[in-house]
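Asker: If you scroll down you'll find the structure; I have some questions about it.
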Amino acid sequence: MKFLGIIWGNLKRKKLRTSLTLLSVFVAFLLFGLLCTIKESFTAGVAVAGADRLIVRHKVSLIMTLPESYRARMERIEGVSSAVHFTWFNGIYQNEPKNFFATMPTDPEPFLELYPEFLLPEEQKQAWLTTRTGCIVGRALADRFGWKVGDRLPLMSPLWPREGDEAWEFDIVGIFDGAKKGTDTSGMYFRYDYFEEARANGKGEVGWYGVRVADPDRAEDVARMIDAEFANSPFETKAEPEGAFIQGFAQQIGDIGTMLIAIVSAVFFTILLVAGNTMAQSVRERTVELGVLKAIGFTNERVLALVLVESCIIAIIGGGAGLATAWLITLGGSPAPSMLAVFYLPTYYILAGIAFIFGLGIVSGFLPAVQAMRLQIAVALRRHA
Amino acid sequence: MNWLLQVISISIFSLRTIPQRTGAALATAVGIGGVVAVFVGVLSIAEGFRAAMTVPGGKDVAIVLRSGADSEMTSGLTRDETRLIADSPGIVRGAEGALVSSELFVMINLPKRSTGTDANVPLRGVEKAGTEIRGDLKIVEGKMFELGKNEIIAGAGAARAFAGLDVGKKIRVGQNEWEVVGLFTGGGGSAESEVWTDAAVLQPAYNRGDTFQSVYVKLTSPEAFQTFKDALTTNPQLKVKTLLQSEFLAEQSSMLTGFIQNVGVFITSLMALGALFGALNTMYSAVSARTREIATLRALGFGATPIVLSVLVESLFLAIVGGALGAAAAYFAFDGFKASTINFQTFSQVAFAFTVTPQLLVNAIIWAAIIGLVGGLFPAIRAARMPIATALRET
């Protein structure tokens with residue numbers, strides 16, 4: 001502790017250089033934090049997928065519909081405890097495709113029961129069950145457009161025109177939160193009975209099913225049984241665990257996600273290299289002083305520690321500020337809600353960032369520190385000339 | 001002494017001292033090279049995607065969707081509507097009738113060759129005139145599909161990216177089997193990422209009845225577009241929106257290109273900041289290491305401006321060398337890289353190649369030069385302002 005003064009003095013000696021180095025470390029870790037956030041968003045949902053849930057869709061493609069009657073047939077299959085259907089509504093708000101958000105009709109009661117990660121206050125739930133035109137919106141979505149409970153929400157749907165070609169009207173009766181950080185609250189759900197009654201075509205058709213299995217360990221078996229149940233019918237299904245479905249969907253973004261991440265990782269390490277080099281440089285310039293310290297009785301270990309602590313301080317202050325800023329930015333919500341629905345910095349990436357911070361401090365300080373430690377006093381003192 | 005000569009001689013002098021500071025100089029060049037590589041790399045994704053979604057010419061092809069539809073996927077038109085559209089003025093009429101193709105646009109799941117995971121591959125049903133409307137469509141392997149048969153042709157991009165799309169192979173879609181009989185290039189826009197077949201065969205396979213999703217027409221001239229569009233808008237029996245194919249494609253790719261560009265510019269700006277701090281550090285240490293030298297030059301009668309300029313020349317030199325290396329690295333690493341991704345606006349895959357355009361390289365070097373200039377300017381000013389006497393005494 002008593003040597004903090006020396007370290008502080010060293011940091012202050014070239015204020016400009018110290019601040020520039022701090023700033024580049026800051027930028028590197030800011031970038032790191034945001035990169036991890038984007039990466040998390042690309043694979044959003046995998047981490048929070050329910051292990052006891054399956055997704056059942058039309059075998060040919062997700063855009064093909066299934067009969068609503070499949071629900072009852074699925075619930076009769078052994079190992080299935082409940083099923084609820086969704087349909088891709090493709091609602092367009094204010095006739096502006098940029099305002100895109102997910103809109104789906106579903107059955108309120110089984111839906112809330114099957115997806116406990118959507119937290120809806122009890123009185124809002126009751127309001128949804130009693131309001132035919134009621135809909136619930138996620139917190140992120142409500143914040144994005146500044147909606148509150150009681151607002152009226154008109155949407156157009158090119159896929160599902162309403163009878164008479166009028167706009168669909170919904171009443172926002174609830175705003176749901178996510179139970180976990182990764183829960184997607186950027187969507188809107190409304191009642192299937194209202195949808196079914198008012199749609200102009202495709203009556204009795206739904207998009208896909210969410211199915212709860214009684215025993216998560218048997219999820220794969222149940223999926224096979226569901227597919228077998230509907231094999232050779234005009235509507236064959238493909239059932240798979242929710243995690244696998246989301247993973248597969250994330251794979252569709254494919255190469256772009258991988259490339260972005262590869263590129264930004266390259267950036268991160270380049271900046272670290274440059275900053276590390278500067279930090280090492282500043283130690284090398286002080287060889288003589290380190291020689292003096294040793295001449296007046298500092299042990300090798302103490303010199304090593306002095307140098308390492310100094311480089312770690314720069315890494316911790318710069319990197320910590322960078323990570324914290326990235327975290328603060330994610331609190332502000334997604335800058336591109338239609339592309340990155342979930343936008344948060346997961347704890348494991350924060351921990352990885354902290355590991356990188358110490359890595360930077362130790363690696364950039366270590367080489368010059370070892371050199372300094374091995375230095376013979378006489379050589380060091382002579383180096384000046 | 002000649003002012004210009006001063007600038008040149010000090011600049012050469014300082015450039016020749018770079019080898020003595022290899023580490024720091026290299027760090028600057030690498031930092032700036034990294035910025036340039038990232039800039040070029042990320043934006044080449046956007047350029048490639050845009051290139052895949054544009055159509056050469058395309059000013060005489062119009063597409064008609066149901067009004068309110070934001071893509072072919074969400075559009076729907078009945079047979080009666082497509083007939084009315086085909087009868088409108090402004091369309092080329094040949095020996096076999098009007099050049100009109102009513103089309104279906106659906107999806108099949110095919111595994112990606114790279115990962116083996118399912119991807120939404122667009123499957124388009126076209127009518128006979130469909131290929132003629134897109135003038136540049138060429139069968140490069142196998143043959144064209146026959147009308148009325150379960151035969152498909154695959155775009156070259158789709159065939160490269162998705163498993164099963166090889167000539168002679170069969171793929172199963174629901175209850176039906178389809179034979180891949182040919183591969184094609186061209187077709188405009190993202191056609192090369194698609195699989196094509198006869199619309200009349202596709203309708204029953206996807207339970208579509210006698211409906212379509214879009215109508216493509218060949219216009220007699222680009223000027224005929226207004227006539228055609230007006231005829232459709234004023235027809236009370238139709239509720240449609242009419243777009244030039246080029247406009248339509250630009251709209252369909254706007255979200256993804258916009259996103260990649262924003263991410264690219266944002267990352268590059270942050271990285272440029274990081275590199276700028278690095279460059280500033282290097283140049284400040286370069287100047288401080290040469291304090292006595294610079295003071296000596298001043299004492300000998302060299303002016304302040306030549307000193308400033310020489311420092312700038314040095315940092316510009318480092319920046320441009322680093323930038324050029326970064327640009328070259330990015331060009332070799334990224335140009336032509338084949339990739340595919342999902343376009344959320346159409347909910348289907350687009351196969352494309354990263355494209356490093358000359359414009360991109362020029363912009364990248366400009367970025368590098370700006371970083372070099374800014375990174376050198378402040379240290380240069382400090383160098384010029386040093387009081388000669390104290391600087392000479394400095395160790």
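Chain labels A, B, ... are given in the sequence in which chains occur in the structure tokens; within each chain residues are numbered consecutively from 1, and ligands are likewise numbered from 1 in the order shown.
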Return as a ChimeraX atom specification the residues belonging to chain B that are within 6 Å of chain A, counting only C-alpha atoms.
Answerer: /B:27,68-69,74,108-109,119,173-174,274,277,281,339,341-342
Asker: Mind checking which residues fall within 8 Å of Ile32 in chain B, counting only C-alpha atoms, ignoring those fewer than 4 positions away in the same chain, and posting them as a list in words?
Answerer: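 These residues fall inside the cut-off: Thr28, Val36, Ala272, Ala275, Leu276, Ala319, Gly322, Gly323, Gly326, Ala368 and Ile371 of chain B.
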Asker: Go ahead and save the picked residues with C-alpha atoms, as a PDB file, in the first residue's frame.
Answerer:
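See out.pdb below for the written result:
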ATOM      1  CA  THR B  28       0.603   2.997 -35.177  1.00  0.00           C
ATOM      2  CA  VAL B  36      -9.068   0.258 -42.522  1.00  0.00           C
ATOM      3  CA  ALA B 272     -10.783   4.931 -35.485  1.00  0.00           C
ATOM      4  CA  ALA B 275      -6.311   4.044 -33.435  1.00  0.00           C
ATOM      5  CA  LEU B 276      -6.224   7.832 -33.147  1.00  0.00           C
ATOM      6  CA  ALA B 319      -1.036   6.110 -41.596  1.00  0.00           C
ATOM      7  CA  GLY B 322      -0.754   1.076 -42.521  1.00  0.00           C
ATOM      8  CA  GLY B 323      -3.985   1.959 -44.314  1.00  0.00           C
ATOM      9  CA  GLY B 326      -5.029  -2.939 -44.113  1.00  0.00           C
ATOM     10  CA  ALA B 368      -6.502   6.435 -42.597  1.00  0.00           C
ATOM     11  CA  ILE B 371      -6.393   9.651 -38.504  1.00  0.00           C
TER      12      ILE B 371
END
Asker: In terms of the shortest atom-to-atom distance over only C-alpha atoms, which of B:Ser114, B:Ser11, B:Thr131, B:Ser348 is closest to Phe184 in chain B?
Answerer: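 Counting only C-alpha atoms, the residue closest to Phe184 in chain B is B:Thr131.
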Asker: Fewer than 6 positions away in the same chain doesn't count, so skip those; otherwise give me all residues within 12 Å of range 111-123 of chain A, counting only C-alpha atoms, as a PyMOL selection string.
Answerer: chain A and resi 45+48-54+80-86+104-105+129-130+135-139+149+173-192+209-214+242
Asker: Between B:Arg113, B:Ala369, B:Thr233, B:Ala384, single out the one closest to Val313 in chain B, counting only C-alpha atoms.
Answerer: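 Result for the nearest residue to Val313 in chain B: B:Ala369.
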Asker: Can you pull out every residue within 9 Å of Glu192 in chain B, counting only C-alpha atoms, but drop anything in the same chain fewer than 3 positions away, and send it as a short mmCIF file (atom, residue, chain, number, x, y, z; two decimals) with N, CA and C atoms, in the first residue's frame?
Answerer:
data_model
loop_
_atom_site.label_atom_id
_atom_site.label_comp_id
_atom_site.auth_asym_id
_atom_site.auth_seq_id
_atom_site.Cartn_x
_atom_site.Cartn_y
_atom_site.Cartn_z
N ALA B 52 -26.21 -7.99 -54.65
CA ALA B 52 -27.04 -9.17 -54.90
C ALA B 52 -28.50 -8.78 -55.06
N ALA B 154 -32.48 -24.19 -60.17
CA ALA B 154 -31.96 -23.49 -58.99
C ALA B 154 -31.01 -22.38 -59.42
N GLY B 155 -31.10 -21.24 -58.73
CA GLY B 155 -30.15 -20.16 -58.97
C GLY B 155 -28.76 -20.61 -58.53
N ALA B 156 -27.75 -20.04 -59.17
CA ALA B 156 -26.38 -20.47 -58.88
C ALA B 156 -26.03 -20.23 -57.41
N GLY B 157 -26.48 -19.11 -56.88
CA GLY B 157 -26.18 -18.79 -55.48
C GLY B 157 -26.83 -19.79 -54.54
N ALA B 158 -28.08 -20.12 -54.83
CA ALA B 158 -28.81 -21.08 -53.99
C ALA B 158 -28.14 -22.44 -54.05
N ALA B 159 -27.74 -22.86 -55.26
CA ALA B 159 -27.14 -24.17 -55.43
C ALA B 159 -25.84 -24.27 -54.65
N PHE B 184 -29.30 -21.84 -63.00
CA PHE B 184 -29.30 -20.61 -63.80
C PHE B 184 -28.56 -19.48 -63.10
N THR B 185 -28.11 -18.54 -63.91
CA THR B 185 -27.55 -17.31 -63.38
C THR B 185 -28.41 -16.15 -63.88
N GLY B 186 -28.19 -14.96 -63.31
CA GLY B 186 -28.94 -13.78 -63.75
C GLY B 186 -30.35 -13.83 -63.19
N GLY B 187 -31.25 -13.15 -63.89
CA GLY B 187 -32.62 -13.13 -63.42
C GLY B 187 -32.92 -11.90 -62.60
N GLY B 188 -31.87 -11.16 -62.20
CA GLY B 188 -32.09 -9.91 -61.51
C GLY B 188 -32.31 -10.08 -60.03
N GLY B 189 -31.72 -9.15 -59.28
CA GLY B 189 -31.96 -9.12 -57.85
C GLY B 189 -31.53 -10.41 -57.18
N VAL B 195 -35.14 -20.74 -56.03
CA VAL B 195 -35.40 -21.95 -56.80
C VAL B 195 -36.69 -21.68 -57.57
N VAL B 350 -30.75 -15.05 -48.73
CA VAL B 350 -30.14 -14.42 -49.89
C VAL B 350 -28.68 -14.86 -49.92
N ALA B 351 -28.26 -15.43 -51.05
CA ALA B 351 -26.85 -15.81 -51.19
C ALA B 351 -26.14 -14.65 -51.88
N PHE B 352 -24.98 -14.29 -51.39
CA PHE B 352 -24.27 -13.16 -51.99
C PHE B 352 -22.78 -13.30 -51.73
#
Asker: Point out the residue among A:Ile317, A:Cys312, A:Leu328, A:Val342 with the least atom-to-atom distance to Gly359 in chain A, counting only C-alpha atoms.
Answerer: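 Checking each candidate against Gly359 in chain A, we get A:Cys312 as the closest.
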Asker: Report as a ChimeraX atom specification: the residues of range 232-299 of chain B with a DSSP assignment of strand (DSSP E or B), based on the backbone of this structure.
Answerer: /B:240-244
Asker: Would you export the selected residues with C-alpha atoms as a JSON list (two decimals), in the first residue's frame, please?
Answerer:
[["chain", "number", "residue", "atom", "x", "y", "z"],
["B", 240, "VAL", "CA", -52.61, -3.03, -55.78],
["B", 241, "LYS", "CA", -49.29, -1.31, -55.53],
["B", 242, "THR", "CA", -47.03, -1.02, -58.53],
["B", 243, "LEU", "CA", -43.27, -0.62, -58.39],
["B", 244, "LEU", "CA", -40.35, -0.73, -60.76]]
Asker: Could you pull out the alpha helix (DSSP H) residues of range 97-192 of chain B from DSSP and send them as a ChimeraX atom specification?
Answerer: /B:130-133,156-161
Asker: Report, in Å to a single decimal, how far apart CA of Ala321 in chain A and CA of Phe32 in chain A are.
Answerer: 11.9 Å
Asker: With only C-alpha atoms as the counted atoms, please give the residues lying no more than 12 Å from Tyr349 in chain A, apart from itself and same-chain residues fewer than 2 positions off, as a list in words.
Answerer: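 Selected residues are Phe29, Phe32, Gly33, Leu34, Leu35, Cys36, Thr37, Ile38, Lys39, Glu40, Leu323, Ala326, Trp327, Tyr344, Leu345, Pro346, Thr347, Leu351, Ala352, Gly353, Ile354, Ala355 and Phe356 of chain A.
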Asker: Can you list, as JSON, numbers by chain, every protein, DNA or RNA residue that comes within 10 Å of range 299-310 of chain B when you count only C-alpha atoms, leaving out same-chain residues fewer than 6 positions away?
Answerer: {"B": [1, 3, 4, 5, 6, 7, 8, 9, 10, 11, 12, 13, 14, 15, 293, 316, 376, 377, 378, 379, 380, 381, 382, 383, 384, 385, 386, 388, 389, 392]}
Asker: Given the selection you just returned, output its residues as a file containing N, CA and C atoms, formatted as a PDB file, in the first residue's frame.
Answerer:
ATOM      1  N   MET B   1      17.172  30.295 -46.751  1.00  0.00           N
ATOM      2  CA  MET B   1      17.058  28.966 -47.354  1.00  0.00           C
ATOM      3  C   MET B   1      15.651  28.757 -47.917  1.00  0.00           C
ATOM      4  N   TRP B   3      12.175  27.544 -48.430  1.00  0.00           N
ATOM      5  CA  TRP B   3      11.233  27.007 -47.446  1.00  0.00           C
ATOM      6  C   TRP B   3      10.857  25.557 -47.765  1.00  0.00           C
ATOM      7  N   LEU B   4      10.562  25.341 -49.035  1.00  0.00           N
ATOM      8  CA  LEU B   4      10.146  24.004 -49.452  1.00  0.00           C
ATOM      9  C   LEU B   4      11.268  22.998 -49.227  1.00  0.00           C
ATOM     10  N   LEU B   5      12.471  23.454 -49.514  1.00  0.00           N
ATOM     11  CA  LEU B   5      13.636  22.587 -49.346  1.00  0.00           C
ATOM     12  C   LEU B   5      13.767  22.181 -47.888  1.00  0.00           C
ATOM     13  N   GLN B   6      13.493  23.159 -46.996  1.00  0.00           N
ATOM     14  CA  GLN B   6      13.528  22.877 -45.550  1.00  0.00           C
ATOM     15  C   GLN B   6      12.556  21.748 -45.218  1.00  0.00           C
ATOM     16  N   VAL B   7      11.313  21.925 -45.700  1.00  0.00           N
ATOM     17  CA  VAL B   7      10.282  20.919 -45.395  1.00  0.00           C
ATOM     18  C   VAL B   7      10.751  19.550 -45.853  1.00  0.00           C
ATOM     19  N   ILE B   8      11.226  19.516 -47.113  1.00  0.00           N
ATOM     20  CA  ILE B   8      11.608  18.224 -47.681  1.00  0.00           C
ATOM     21  C   ILE B   8      12.759  17.605 -46.896  1.00  0.00           C
ATOM     22  N   SER B   9      13.762  18.424 -46.602  1.00  0.00           N
ATOM     23  CA  SER B   9      14.934  17.816 -45.966  1.00  0.00           C
ATOM     24  C   SER B   9      14.610  17.332 -44.551  1.00  0.00           C
ATOM     25  N   ILE B  10      13.831  18.113 -43.779  1.00  0.00           N
ATOM     26  CA  ILE B  10      13.512  17.622 -42.428  1.00  0.00           C
ATOM     27  C   ILE B  10      12.603  16.399 -42.508  1.00  0.00           C
ATOM     28  N   SER B  11      11.678  16.413 -43.468  1.00  0.00           N
ATOM     29  CA  SER B  11      10.773  15.272 -43.574  1.00  0.00           C
ATOM     30  C   SER B  11      11.556  14.007 -43.861  1.00  0.00           C
ATOM     31  N   ILE B  12      12.465  14.101 -44.840  1.00  0.00           N
ATOM     32  CA  ILE B  12      13.263  12.915 -45.175  1.00  0.00           C
ATOM     33  C   ILE B  12      14.054  12.476 -43.949  1.00  0.00           C
ATOM     34  N   PHE B  13      14.579  13.477 -43.261  1.00  0.00           N
ATOM     35  CA  PHE B  13      15.364  13.205 -42.071  1.00  0.00           C
ATOM     36  C   PHE B  13      14.531  12.424 -41.037  1.00  0.00           C
ATOM     37  N   SER B  14      13.273  12.916 -40.803  1.00  0.00           N
ATOM     38  CA  SER B  14      12.487  12.240 -39.763  1.00  0.00           C
ATOM     39  C   SER B  14      12.002  10.872 -40.234  1.00  0.00           C
ATOM     40  N   LEU B  15      11.707  10.760 -41.541  1.00  0.00           N
ATOM     41  CA  LEU B  15      11.296   9.446 -42.027  1.00  0.00           C
ATOM     42  C   LEU B  15      12.422   8.435 -41.856  1.00  0.00           C
ATOM     43  N   GLU B 293      16.977  17.201 -30.956  1.00  0.00           N
ATOM     44  CA  GLU B 293      17.234  17.260 -32.392  1.00  0.00           C
ATOM     45  C   GLU B 293      16.449  18.400 -33.037  1.00  0.00           C
ATOM     46  N   LEU B 316       1.458  10.990 -41.463  1.00  0.00           N
ATOM     47  CA  LEU B 316       0.678  10.652 -42.655  1.00  0.00           C
ATOM     48  C   LEU B 316       1.275   9.433 -43.336  1.00  0.00           C
ATOM     49  N   GLY B 376      -1.056  13.452 -35.978  1.00  0.00           N
ATOM     50  CA  GLY B 376       0.238  14.130 -36.051  1.00  0.00           C
ATOM     51  C   GLY B 376       0.170  15.601 -35.686  1.00  0.00           C
ATOM     52  N   LEU B 377      -1.015  16.190 -35.866  1.00  0.00           N
ATOM     53  CA  LEU B 377      -1.143  17.646 -35.749  1.00  0.00           C
ATOM     54  C   LEU B 377      -0.740  18.168 -34.374  1.00  0.00           C
ATOM     55  N   PHE B 378      -1.339  17.602 -33.314  1.00  0.00           N
ATOM     56  CA  PHE B 378      -1.068  18.147 -31.975  1.00  0.00           C
ATOM     57  C   PHE B 378       0.386  17.951 -31.563  1.00  0.00           C
ATOM     58  N   PRO B 379       0.933  16.746 -31.769  1.00  0.00           N
ATOM     59  CA  PRO B 379       2.354  16.594 -31.460  1.00  0.00           C
ATOM     60  C   PRO B 379       3.212  17.560 -32.288  1.00  0.00           C
ATOM     61  N   ALA B 380       2.829  17.808 -33.536  1.00  0.00           N
ATOM     62  CA  ALA B 380       3.602  18.700 -34.391  1.00  0.00           C
ATOM     63  C   ALA B 380       3.620  20.101 -33.811  1.00  0.00           C
ATOM     64  N   ILE B 381       2.449  20.533 -33.350  1.00  0.00           N
ATOM     65  CA  ILE B 381       2.373  21.885 -32.793  1.00  0.00           C
ATOM     66  C   ILE B 381       3.240  21.982 -31.537  1.00  0.00           C
ATOM     67  N   ARG B 382       3.190  20.925 -30.736  1.00  0.00           N
ATOM     68  CA  ARG B 382       4.023  20.937 -29.545  1.00  0.00           C
ATOM     69  C   ARG B 382       5.502  21.046 -29.923  1.00  0.00           C
ATOM     70  N   ALA B 383       5.877  20.283 -30.963  1.00  0.00           N
ATOM     71  CA  ALA B 383       7.275  20.304 -31.382  1.00  0.00           C
ATOM     72  C   ALA B 383       7.708  21.707 -31.781  1.00  0.00           C
ATOM     73  N   ALA B 384       6.823  22.386 -32.524  1.00  0.00           N
ATOM     74  CA  ALA B 384       7.190  23.704 -33.033  1.00  0.00           C
ATOM     75  C   ALA B 384       7.230  24.735 -31.916  1.00  0.00           C
ATOM     76  N   ARG B 385       6.456  24.536 -30.850  1.00  0.00           N
ATOM     77  CA  ARG B 385       6.339  25.556 -29.813  1.00  0.00           C
ATOM     78  C   ARG B 385       7.426  25.455 -28.747  1.00  0.00           C
ATOM     79  N   MET B 386       8.196  24.366 -28.807  1.00  0.00           N
ATOM     80  CA  MET B 386       9.192  24.183 -27.749  1.00  0.00           C
ATOM     81  C   MET B 386      10.174  25.340 -27.750  1.00  0.00           C
ATOM     82  N   ILE B 388      13.525  26.951 -27.657  1.00  0.00           N
ATOM     83  CA  ILE B 388      14.759  26.321 -28.128  1.00  0.00           C
ATOM     84  C   ILE B 388      15.760  26.077 -27.000  1.00  0.00           C
ATOM     85  N   ALA B 389      15.942  27.096 -26.161  1.00  0.00           N
ATOM     86  CA  ALA B 389      16.987  26.989 -25.142  1.00  0.00           C
ATOM     87  C   ALA B 389      16.732  25.833 -24.175  1.00  0.00           C
ATOM     88  N   LEU B 392      17.072  22.409 -25.832  1.00  0.00           N
ATOM     89  CA  LEU B 392      18.459  21.975 -26.069  1.00  0.00           C
ATOM     90  C   LEU B 392      19.061  21.359 -24.811  1.00  0.00           C
TER      91      LEU B 392
END
Asker: CA of Ala364 in chain B and CA of Tyr331 in chain B are how many Å apart?
Answerer: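 Value for the CA of Ala364 in chain B-CA of Tyr331 in chain B distance: 11.4 Å.
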